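Data file: coords_13.cif. Format and content: mmCIF, C-alpha atoms (C1' of nucleotides).
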data_start
loop_
_atom_site.label_atom_id
_atom_site.label_comp_id
_atom_site.auth_asym_id
_atom_site.auth_seq_id
_atom_site.Cartn_x
_atom_site.Cartn_y
_atom_site.Cartn_z
CA MET T 1 203.70 27.00 -88.38
CA LEU T 2 200.15 25.87 -87.91
CA LEU T 3 198.20 28.86 -86.57
CA ALA T 4 194.55 28.97 -85.58
CA THR T 5 192.01 31.51 -84.40
CA TRP T 6 188.84 30.56 -82.55
CA ASN T 7 186.17 32.52 -80.75
CA VAL T 8 185.39 29.96 -78.05
CA ASN T 9 182.51 31.83 -76.36
CA SER T 10 183.82 31.15 -72.84
CA VAL T 11 187.02 29.17 -72.41
CA VAL T 12 185.60 27.66 -69.22
CA ALA T 13 182.41 26.39 -70.83
CA ARG T 14 184.42 25.26 -73.86
CA LEU T 15 187.36 23.67 -72.05
CA PRO T 16 186.52 20.04 -72.90
CA ARG T 17 186.00 20.92 -76.57
CA LEU T 18 189.13 23.11 -76.62
CA LEU T 19 191.40 20.46 -75.09
CA GLU T 20 190.03 17.78 -77.39
CA TRP T 21 190.57 20.04 -80.40
CA LEU T 22 194.11 21.03 -79.38
CA ALA T 23 195.09 17.40 -78.89
CA ALA T 24 193.64 16.40 -82.26
CA THR T 25 194.82 19.40 -84.33
CA ARG T 26 198.11 20.22 -82.59
CA PRO T 27 198.39 23.80 -83.84
CA ASP T 28 201.59 25.62 -82.94
CA VAL T 29 199.80 28.86 -82.07
CA VAL T 30 196.13 29.33 -81.16
CA CYS T 31 194.42 32.68 -80.78
CA LEU T 32 191.28 32.68 -78.64
CA GLN T 33 188.57 35.29 -78.32
CA GLU T 34 185.68 35.69 -75.89
CA THR T 35 187.48 33.73 -73.20
CA LYS T 36 185.23 35.45 -70.62
CA VAL T 37 187.59 34.86 -67.70
CA ALA T 38 189.95 36.88 -65.57
CA ASN T 39 193.57 35.87 -66.10
CA ALA T 40 193.70 34.10 -62.72
CA ALA T 41 190.79 31.85 -63.75
CA PHE T 42 192.17 30.94 -67.17
CA PRO T 43 192.85 27.18 -67.51
CA SER T 44 196.59 27.73 -68.02
CA ASP T 45 197.51 24.43 -66.36
CA ALA T 46 195.18 22.38 -68.55
CA VAL T 47 196.54 23.84 -71.80
CA GLY T 48 200.03 23.74 -70.30
CA GLU T 49 199.77 19.97 -70.01
CA LEU T 50 199.36 19.91 -73.78
CA GLY T 51 202.53 21.97 -74.17
CA TYR T 52 201.07 25.44 -74.57
CA ALA T 53 202.22 28.61 -72.87
CA SER T 54 199.52 31.28 -72.51
CA ALA T 55 199.49 35.04 -73.07
CA LEU T 56 196.34 36.31 -71.39
CA HIS T 57 194.24 39.43 -71.41
CA GLY T 58 190.98 38.88 -69.56
CA ASP T 59 188.29 41.05 -68.03
CA GLY T 60 186.13 38.56 -66.22
CA ARG T 61 182.61 38.21 -67.43
CA TRP T 62 182.87 39.70 -70.91
CA ASN T 63 185.40 39.79 -73.75
CA GLY T 64 188.84 38.34 -73.08
CA VAL T 65 191.53 37.14 -75.50
CA ALA T 66 194.49 34.79 -75.31
CA ILE T 67 197.34 33.40 -77.36
CA LEU T 68 198.45 29.83 -76.74
CA SER T 69 201.79 28.80 -78.18
CA ARG T 70 204.02 25.76 -78.06
CA VAL T 71 206.76 27.44 -80.13
CA GLY T 72 207.60 30.34 -77.82
CA LEU T 73 205.75 33.37 -76.53
CA GLU T 74 207.72 36.59 -76.25
CA ALA T 75 207.11 40.34 -76.02
CA VAL T 76 203.52 39.94 -74.85
CA ALA T 77 201.44 43.12 -75.11
CA ALA T 78 197.91 43.30 -73.73
CA GLY T 79 195.83 45.98 -75.44
CA PHE T 80 197.42 48.76 -77.45
CA GLU T 81 198.52 52.36 -77.18
CA GLY T 82 195.58 54.73 -77.46
CA GLU T 83 193.00 51.93 -77.34
CA PRO T 84 189.47 53.35 -77.17
CA GLY T 85 187.01 52.20 -74.54
CA LEU T 86 183.32 52.72 -73.97
CA ASP T 87 182.85 53.03 -70.21
CA ALA T 88 186.35 51.65 -69.82
CA VAL T 89 189.00 50.03 -72.01
CA GLU T 90 188.11 46.36 -72.47
CA ALA T 91 190.17 43.18 -72.92
CA ARG T 92 190.06 42.92 -76.70
CA SER T 93 193.58 42.38 -77.97
CA VAL T 94 196.80 40.68 -77.08
CA ALA T 95 199.98 40.31 -79.10
CA ALA T 96 203.02 38.07 -78.79
CA THR T 97 205.99 36.93 -80.83
CA CYS T 98 205.94 33.20 -81.56
CA ALA T 99 208.87 31.63 -83.41
CA GLY T 100 209.66 34.87 -85.20
CA VAL T 101 206.07 35.70 -86.14
CA ARG T 102 204.39 38.70 -84.52
CA VAL T 103 200.87 37.51 -83.70
CA TRP T 104 198.03 39.82 -82.76
CA THR T 105 194.62 38.58 -81.83
CA VAL T 106 191.61 40.82 -81.62
CA TYR T 107 188.01 40.70 -80.49
CA VAL T 108 186.42 43.67 -82.24
CA PRO T 109 183.34 45.18 -80.52
CA ASN T 110 180.04 43.85 -81.85
CA GLY T 111 178.42 47.23 -82.44
CA ARG T 112 174.89 46.01 -81.69
CA THR T 113 172.95 48.39 -83.98
CA LEU T 114 173.89 51.18 -86.36
CA ASP T 115 172.42 53.82 -84.06
CA SER T 116 174.09 52.50 -80.90
CA PRO T 117 177.02 54.11 -79.08
CA HIS T 118 178.51 50.62 -79.32
CA TYR T 119 178.64 51.02 -83.09
CA THR T 120 180.53 54.31 -82.83
CA TYR T 121 182.84 52.57 -80.38
CA LYS T 122 183.37 49.69 -82.82
CA LEU T 123 184.49 52.09 -85.56
CA ALA T 124 186.73 54.01 -83.16
CA TRP T 125 188.26 50.75 -81.94
CA LEU T 126 189.02 49.61 -85.48
CA ALA T 127 190.58 53.00 -86.27
CA GLY T 128 192.69 52.73 -83.10
CA LEU T 129 193.76 49.22 -84.09
CA ARG T 130 194.83 50.53 -87.48
CA GLY T 131 197.04 53.12 -85.82
CA ALA T 132 198.61 50.57 -83.51
CA LEU T 133 199.27 48.15 -86.37
CA ALA T 134 200.75 50.92 -88.51
CA ALA T 135 203.18 51.63 -85.67
CA GLU T 136 203.99 47.92 -85.36
CA ILE T 137 204.64 47.60 -89.08
CA GLY T 138 206.67 50.80 -89.04
CA ALA T 139 208.82 49.28 -86.29
CA GLY T 140 209.79 46.56 -88.74
CA HIS T 141 207.85 43.43 -87.92
CA GLY T 142 207.96 41.77 -91.32
CA ARG T 143 206.17 38.60 -90.31
CA LEU T 144 202.87 39.76 -88.89
CA VAL T 145 199.54 37.99 -88.39
CA VAL T 146 196.43 39.81 -87.16
CA CYS T 147 193.60 37.39 -86.53
CA GLY T 148 190.43 37.07 -84.54
CA ASP T 149 186.76 37.90 -84.45
CA PHE T 150 186.42 41.13 -86.42
CA ASN T 151 182.61 41.18 -86.22
CA VAL T 152 182.67 42.43 -89.83
CA ALA T 153 181.78 40.44 -92.94
CA PRO T 154 184.16 41.99 -95.48
CA THR T 155 181.93 41.43 -98.54
CA ASP T 156 178.42 40.31 -99.42
CA ASP T 157 179.89 36.87 -100.19
CA ASP T 158 180.67 36.60 -96.48
CA VAL T 159 177.03 36.40 -95.35
CA TRP T 160 174.42 33.80 -96.25
CA ASP T 161 172.02 36.38 -97.67
CA PRO T 162 172.95 40.06 -98.01
CA ALA T 163 169.25 40.98 -98.14
CA GLU T 164 168.88 39.75 -94.56
CA PHE T 165 171.54 42.19 -93.38
CA VAL T 166 170.32 45.46 -94.84
CA GLY T 167 170.48 48.02 -92.05
CA SER T 168 172.44 45.71 -89.74
CA THR T 169 175.89 45.93 -88.28
CA HIS T 170 178.72 43.70 -89.58
CA VAL T 171 178.04 44.66 -93.22
CA SER T 172 177.85 48.47 -93.20
CA ALA T 173 180.03 50.50 -95.54
CA ALA T 174 181.84 52.12 -92.61
CA GLU T 175 182.70 48.77 -91.02
CA ARG T 176 183.90 47.35 -94.32
CA GLU T 177 185.97 50.49 -94.98
CA ALA T 178 187.59 50.05 -91.57
CA VAL T 179 188.67 46.53 -92.57
CA THR T 180 189.82 47.78 -95.98
CA ALA T 181 191.93 50.37 -94.15
CA LEU T 182 193.64 47.53 -92.26
CA LEU T 183 194.35 45.72 -95.51
CA ALA T 184 195.82 48.95 -96.89
CA LEU T 185 198.62 48.55 -94.34
CA GLY T 186 199.86 45.70 -96.52
CA LEU T 187 197.83 42.91 -94.96
CA SER T 188 196.07 40.16 -96.93
CA ASP T 189 192.77 38.57 -95.93
CA VAL T 190 193.44 34.83 -96.07
CA HIS T 191 190.38 33.08 -97.49
CA PRO T 192 190.08 29.67 -95.83
CA ARG T 193 188.61 26.62 -97.54
CA ALA T 194 185.25 25.37 -96.36
CA LEU T 195 185.35 21.63 -95.68
CA LYS T 196 181.64 21.59 -96.55
CA GLY T 197 179.19 24.25 -97.70
CA ARG T 198 180.22 27.89 -97.83
CA PRO T 199 183.30 29.25 -96.03
CA PHE T 200 181.59 30.72 -92.99
CA THR T 201 183.11 30.87 -89.51
CA TYR T 202 180.09 31.81 -87.38
CA TRP T 203 176.54 30.53 -87.19
CA ASP T 204 174.00 31.81 -84.67
CA TYR T 205 172.98 29.19 -82.12
CA ARG T 206 169.34 29.98 -82.79
CA ALA T 207 166.91 28.54 -85.27
CA GLY T 208 169.16 25.73 -86.47
CA ASN T 209 171.23 28.20 -88.48
CA PHE T 210 174.31 25.97 -88.55
CA HIS T 211 172.45 23.05 -90.04
CA LYS T 212 170.75 25.37 -92.55
CA GLY T 213 174.10 26.81 -93.60
CA LEU T 214 173.09 30.31 -92.48
CA GLY T 215 176.48 31.63 -91.44
CA MET T 216 178.89 34.49 -91.79
CA ARG T 217 182.64 34.87 -92.27
CA ILE T 218 183.59 37.32 -89.53
CA ASP T 219 186.66 35.57 -88.12
CA LEU T 220 189.60 36.71 -90.22
CA VAL T 221 193.29 35.99 -90.55
CA LEU T 222 195.24 38.91 -91.98
CA VAL T 223 198.87 38.32 -92.93
CA SER T 224 201.65 40.72 -93.88
CA GLU T 225 203.31 40.81 -97.30
CA ALA T 226 206.22 38.74 -96.00
CA LEU T 227 203.86 35.95 -94.92
CA ALA T 228 201.23 35.99 -97.67
CA PRO T 229 203.32 33.90 -100.11
CA ARG T 230 204.01 31.47 -97.28
CA VAL T 231 200.38 30.48 -96.71
CA THR T 232 200.28 26.86 -97.85
CA ASP T 233 196.77 26.02 -96.64
CA ALA T 234 193.84 27.56 -94.78
CA PHE T 235 190.56 25.97 -93.76
CA ILE T 236 187.60 26.32 -91.43
CA ASP T 237 187.21 23.41 -89.05
CA ARG T 238 183.43 23.13 -89.10
CA GLU T 239 183.61 19.83 -87.19
CA ALA T 240 184.32 21.92 -84.09
CA ARG T 241 180.97 23.69 -84.55
CA LYS T 242 179.14 20.34 -84.42
CA GLY T 243 178.31 18.01 -81.57
CA SER T 244 177.77 18.66 -77.91
CA ALA T 245 178.23 22.15 -76.42
CA PRO T 246 180.04 23.82 -79.32
CA SER T 247 181.02 27.46 -79.63
CA ASP T 248 178.95 29.41 -82.15
CA HIS T 249 182.22 30.02 -84.07
CA ALA T 250 184.44 27.48 -85.84
CA PRO T 251 188.25 27.67 -85.75
CA VAL T 252 190.12 29.00 -88.76
CA VAL T 253 193.40 27.14 -89.29
CA VAL T 254 196.26 28.50 -91.41
CA ASP T 255 199.43 26.67 -92.37
CA LEU T 256 202.44 28.96 -92.83
CA ALA T 257 205.79 27.90 -94.28
CA THR T 258 207.97 29.81 -91.80
CA GLU T 259 210.96 27.50 -91.60
CA SER T 260 213.19 29.69 -93.78
"C1'" DA K 261 158.92 31.49 -83.47
"C1'" DT K 262 164.05 35.96 -81.41
"C1'" DG K 263 163.60 28.66 -82.14
"C1'" DT K 264 170.33 29.58 -78.24
"C1'" DC K 265 173.92 30.12 -75.55
"C1'" DG K 266 177.03 32.07 -71.68
"C1'" DT K 267 177.61 34.74 -67.34
"C1'" DG K 268 176.45 36.18 -62.77
"C1'" DG K 269 173.17 37.91 -59.23
"C1'" DA K 270 170.32 36.33 -55.71
"C1'" DC K 271 168.35 31.48 -57.54
"C1'" DG K 272 165.40 27.75 -58.61
"C1'" DC K 273 164.54 32.68 -62.58
"C1'" DC K 274 165.98 36.98 -64.58
"C1'" DA K 275 168.93 40.49 -66.84
"C1'" DC K 276 172.22 41.18 -70.13
"C1'" DG K 277 175.31 40.47 -74.18
"C1'" DA K 278 176.08 38.08 -78.46
#

Could you express the structure from this file as structure tokens?
Amino acid sequence: MLLATWNVNSVVARLPRLLEWLAATRPDVVCLQETKVANAAFPSDAVGELGYASALHGDGRWNGVAILSRVGLEAVAAGFEGEPGLDAVEARSVAATCAGVRVWTVYVPNGRTLDSPHYTYKLAWLAGLRGALAAEIGAGHGRLVVCGDFNVAPTDDDVWDPAEFVGSTHVSAAEREAVTALLALGLSDVHPRALKGRPFTYWDYRAGNFHKGLGMRIDLVLVSEALAPRVTDAFIDREARKGSAPSDHAPVVVDLATES
DNA sequence: ATGTCGTGGACGCCACGA
């Protein structure tokens, strides 16, 4: 199974790039974040023409996640039990079973600044996710993938210059501990290959950061113990960050040997 | 240079979020 995760920063604005990428890469399952559309406005027909069924969880203007699959899409669950909200619960996770693999995709709150209520919300959301995943694992889903935009760089190696991030979100001890707590459920952080430069997945649009290599690895693919030995390849498709009207994130692609 | 995007409201720009 070829599985990908990609924060597209608006599926409507990105549709030409998404369709081109799907046709070229042909992943079996694609997890999208920041779709920024209500379910009724999602381009289900366009991806359907390429053979993908869609599991959608959209809000409208902000957030929004989706799973596209051409190998089946069952037991779809939008959000999770006990999910925290800020003013309201937002569209930040969707799960589905695709060819025997339980796939969760998440768009973790950004947090903004360490003194913001959005930061407290981010930590609460990650704690809530941990509880929901613990329940899922307890229910016996051996083959589990949790992927998406975590808005956390797990280590100092995951940012271009740790000194630039002192006092910022995405690198704080509490955020990193929240990710470590997810890994403690028996999940492994798959480290994708960089096709060039360092293995980052996100580069700010501003200041030519992509071309300067000033990125971060905040898009993660976590796999359960049953799947970890089955990862045969993983890479970041930086080509998708180049060219005309790209997202500010690149897709992470993971090849899983799930046939047996 | 905080140098860019995307969305949507009421526009031909601004506010907001990332």

request  = Would you kindly report the residues of chain T within 8 Å of chain K, using all atoms listed in the file, as a PyMOL selection string?
outcome  = chain T and resi 9-10+13+61+110+204-208

I need the chosen residues saved as a PDB file, keeping the file's coordinate frame, with C-alpha atoms.
ATOM      1  CA  ASN T   9     182.510  31.830 -76.360  1.00  0.00           C
ATOM      2  CA  SER T  10     183.820  31.150 -72.840  1.00  0.00           C
ATOM      3  CA  ALA T  13     182.410  26.390 -70.830  1.00  0.00           C
ATOM      4  CA  ARG T  61     182.610  38.210 -67.430  1.00  0.00           C
ATOM      5  CA  ASN T 110     180.040  43.850 -81.850  1.00  0.00           C
ATOM      6  CA  ASP T 204     174.000  31.810 -84.670  1.00  0.00           C
ATOM      7  CA  TYR T 205     172.980  29.190 -82.120  1.00  0.00           C
ATOM      8  CA  ARG T 206     169.340  29.980 -82.790  1.00  0.00           C
ATOM      9  CA  ALA T 207     166.910  28.540 -85.270  1.00  0.00           C
ATOM     10  CA  GLY T 208     169.160  25.730 -86.470  1.00  0.00           C
TER      11      GLY T 208
END

### Task
Take CA of Ile137 (chain T) and CA of Val231 (chain T) and report the distance between them in Å, one decimal.
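Value for the CA of Ile137 (chain T)-CA of Val231 (chain T) distance: 19.2 Å.
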
Which residues, written as a list in words, have at least one atom at most 8 Å from Pro251 (chain T), with only C-alpha atoms (C1' of nucleotides) counted and residues fewer than 5 positions away on the same chain left out?
-> Ala4, Thr5, Trp6, Asn7, Thr201, Ile236, Asp237, Arg238 and Ala240 of chain T

Q.
When you look at Trp21 (chain T) with a cut-off of 12 Å (counting all atoms listed in the file), what residues show up, excluding the ones that are within fewer than 2 positions of it in the same chain? I need them as number ranges by chain.
A. T: 4, 6, 8, 14-19, 23-27, 30, 47, 50, 237-241, 246, 250-251, 253

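You will find CA of Ala184 (chain T) at 28.4 Å from CA of Trp203 (chain T).
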
Atom pair CA of Tyr202 (chain T) + CA of Arg217 (chain T), distance 6.3 Å

Written as a PDB file with C-alpha atoms, in the coordinates of the input, what is the full residue list that the PyMOL selection byres ((chain T and resi 159-162) around 8) yields on the file shown?
ATOM      1  CA  ALA T 153     181.780  40.440 -92.940  1.00  0.00           C
ATOM      2  CA  THR T 155     181.930  41.430 -98.540  1.00  0.00           C
ATOM      3  CA  ASP T 156     178.420  40.310 -99.420  1.00  0.00           C
ATOM      4  CA  ASP T 157     179.890  36.870-100.190  1.00  0.00           C
ATOM      5  CA  ASP T 158     180.670  36.600 -96.480  1.00  0.00           C
ATOM      6  CA  ALA T 163     169.250  40.980 -98.140  1.00  0.00           C
ATOM      7  CA  GLU T 164     168.880  39.750 -94.560  1.00  0.00           C
ATOM      8  CA  PHE T 165     171.540  42.190 -93.380  1.00  0.00           C
ATOM      9  CA  VAL T 166     170.320  45.460 -94.840  1.00  0.00           C
ATOM     10  CA  PHE T 200     181.590  30.720 -92.990  1.00  0.00           C
ATOM     11  CA  GLY T 213     174.100  26.810 -93.600  1.00  0.00           C
ATOM     12  CA  LEU T 214     173.090  30.310 -92.480  1.00  0.00           C
ATOM     13  CA  GLY T 215     176.480  31.630 -91.440  1.00  0.00           C
ATOM     14  CA  MET T 216     178.890  34.490 -91.790  1.00  0.00           C
ATOM     15  CA  ARG T 217     182.640  34.870 -92.270  1.00  0.00           C
TER      16      ARG T 217
END

For Leu3 (chain T): contacts at 9 Å, all atoms listed in the file, fewer than 6 positions along chain excluded, given as an NGL selection string:
:T and (27-31 or 252-256)

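Taken over the whole file, the PyMOL selection byres ((chain T and resi 43) around 8) covers exactly Val11, Val12, Leu15, Ala41, Phe42, Ser44, Asp45, Ala46 and Val47 of chain T.
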
Could you turn the residues from that selection into a file that holds C-alpha atoms, as a PDB file, keeping the file's coordinate frame?
ATOM      1  CA  VAL T  11     187.020  29.170 -72.410  1.00  0.00           C
ATOM      2  CA  VAL T  12     185.600  27.660 -69.220  1.00  0.00           C
ATOM      3  CA  LEU T  15     187.360  23.670 -72.050  1.00  0.00           C
ATOM      4  CA  ALA T  41     190.790  31.850 -63.750  1.00  0.00           C
ATOM      5  CA  PHE T  42     192.170  30.940 -67.170  1.00  0.00           C
ATOM      6  CA  SER T  44     196.590  27.730 -68.020  1.00  0.00           C
ATOM      7  CA  ASP T  45     197.510  24.430 -66.360  1.00  0.00           C
ATOM      8  CA  ALA T  46     195.180  22.380 -68.550  1.00  0.00           C
ATOM      9  CA  VAL T  47     196.540  23.840 -71.800  1.00  0.00           C
TER      10      VAL T  47
END

Expand the PyMOL selection byres ((chain T and resi 100) around 9) into the explicit residue set it covers here, and present it as a ChimeraX atom specification.
/T:72,97-99,101-102,143,258

Contacts of Asn63 (chain T) at 8 Å (all atoms listed in the file; same-chain gap of 3+ positions) as an MDAnalysis selection string: chainID T and resid 33:36 58:60 90:92 107

Using only C-alpha atoms, pick whichever of T:Ser69, T:Gly167, T:Ala174, T:Pro117 has the shortest atom-to-atom distance to Gly48 (chain T).
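Using only C-alpha atoms, the shortest distance to Gly48 (chain T) belongs to T:Ser69.
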
Using all atoms listed in the file, list the residues that have an atom at most 6 Å from (192.4, 38.5, -78.6), coordinates as in the file, as a PyMOL selection string. chain T and resi 32-33+65-66+92-94+105-107

Can you pull out every residue within 7 Å of Val76 (chain T), counting only C-alpha atoms (C1' of nucleotides), but drop anything in the same chain fewer than 5 positions away, and send it as a list in words?
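My reading of the contact set: Ala55, Ala95 and Ala96 of chain T.
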
Dump of C-alpha atoms for the selected residues, as a tab-separated table (two decimals), keeping the file's coordinate frame:
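For reference, again_1.tsv as written:
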chain	number	residue	atom	x	y	z
T	55	ALA	CA	199.49	35.04	-73.07
T	95	ALA	CA	199.98	40.31	-79.10
T	96	ALA	CA	203.02	38.07	-78.79
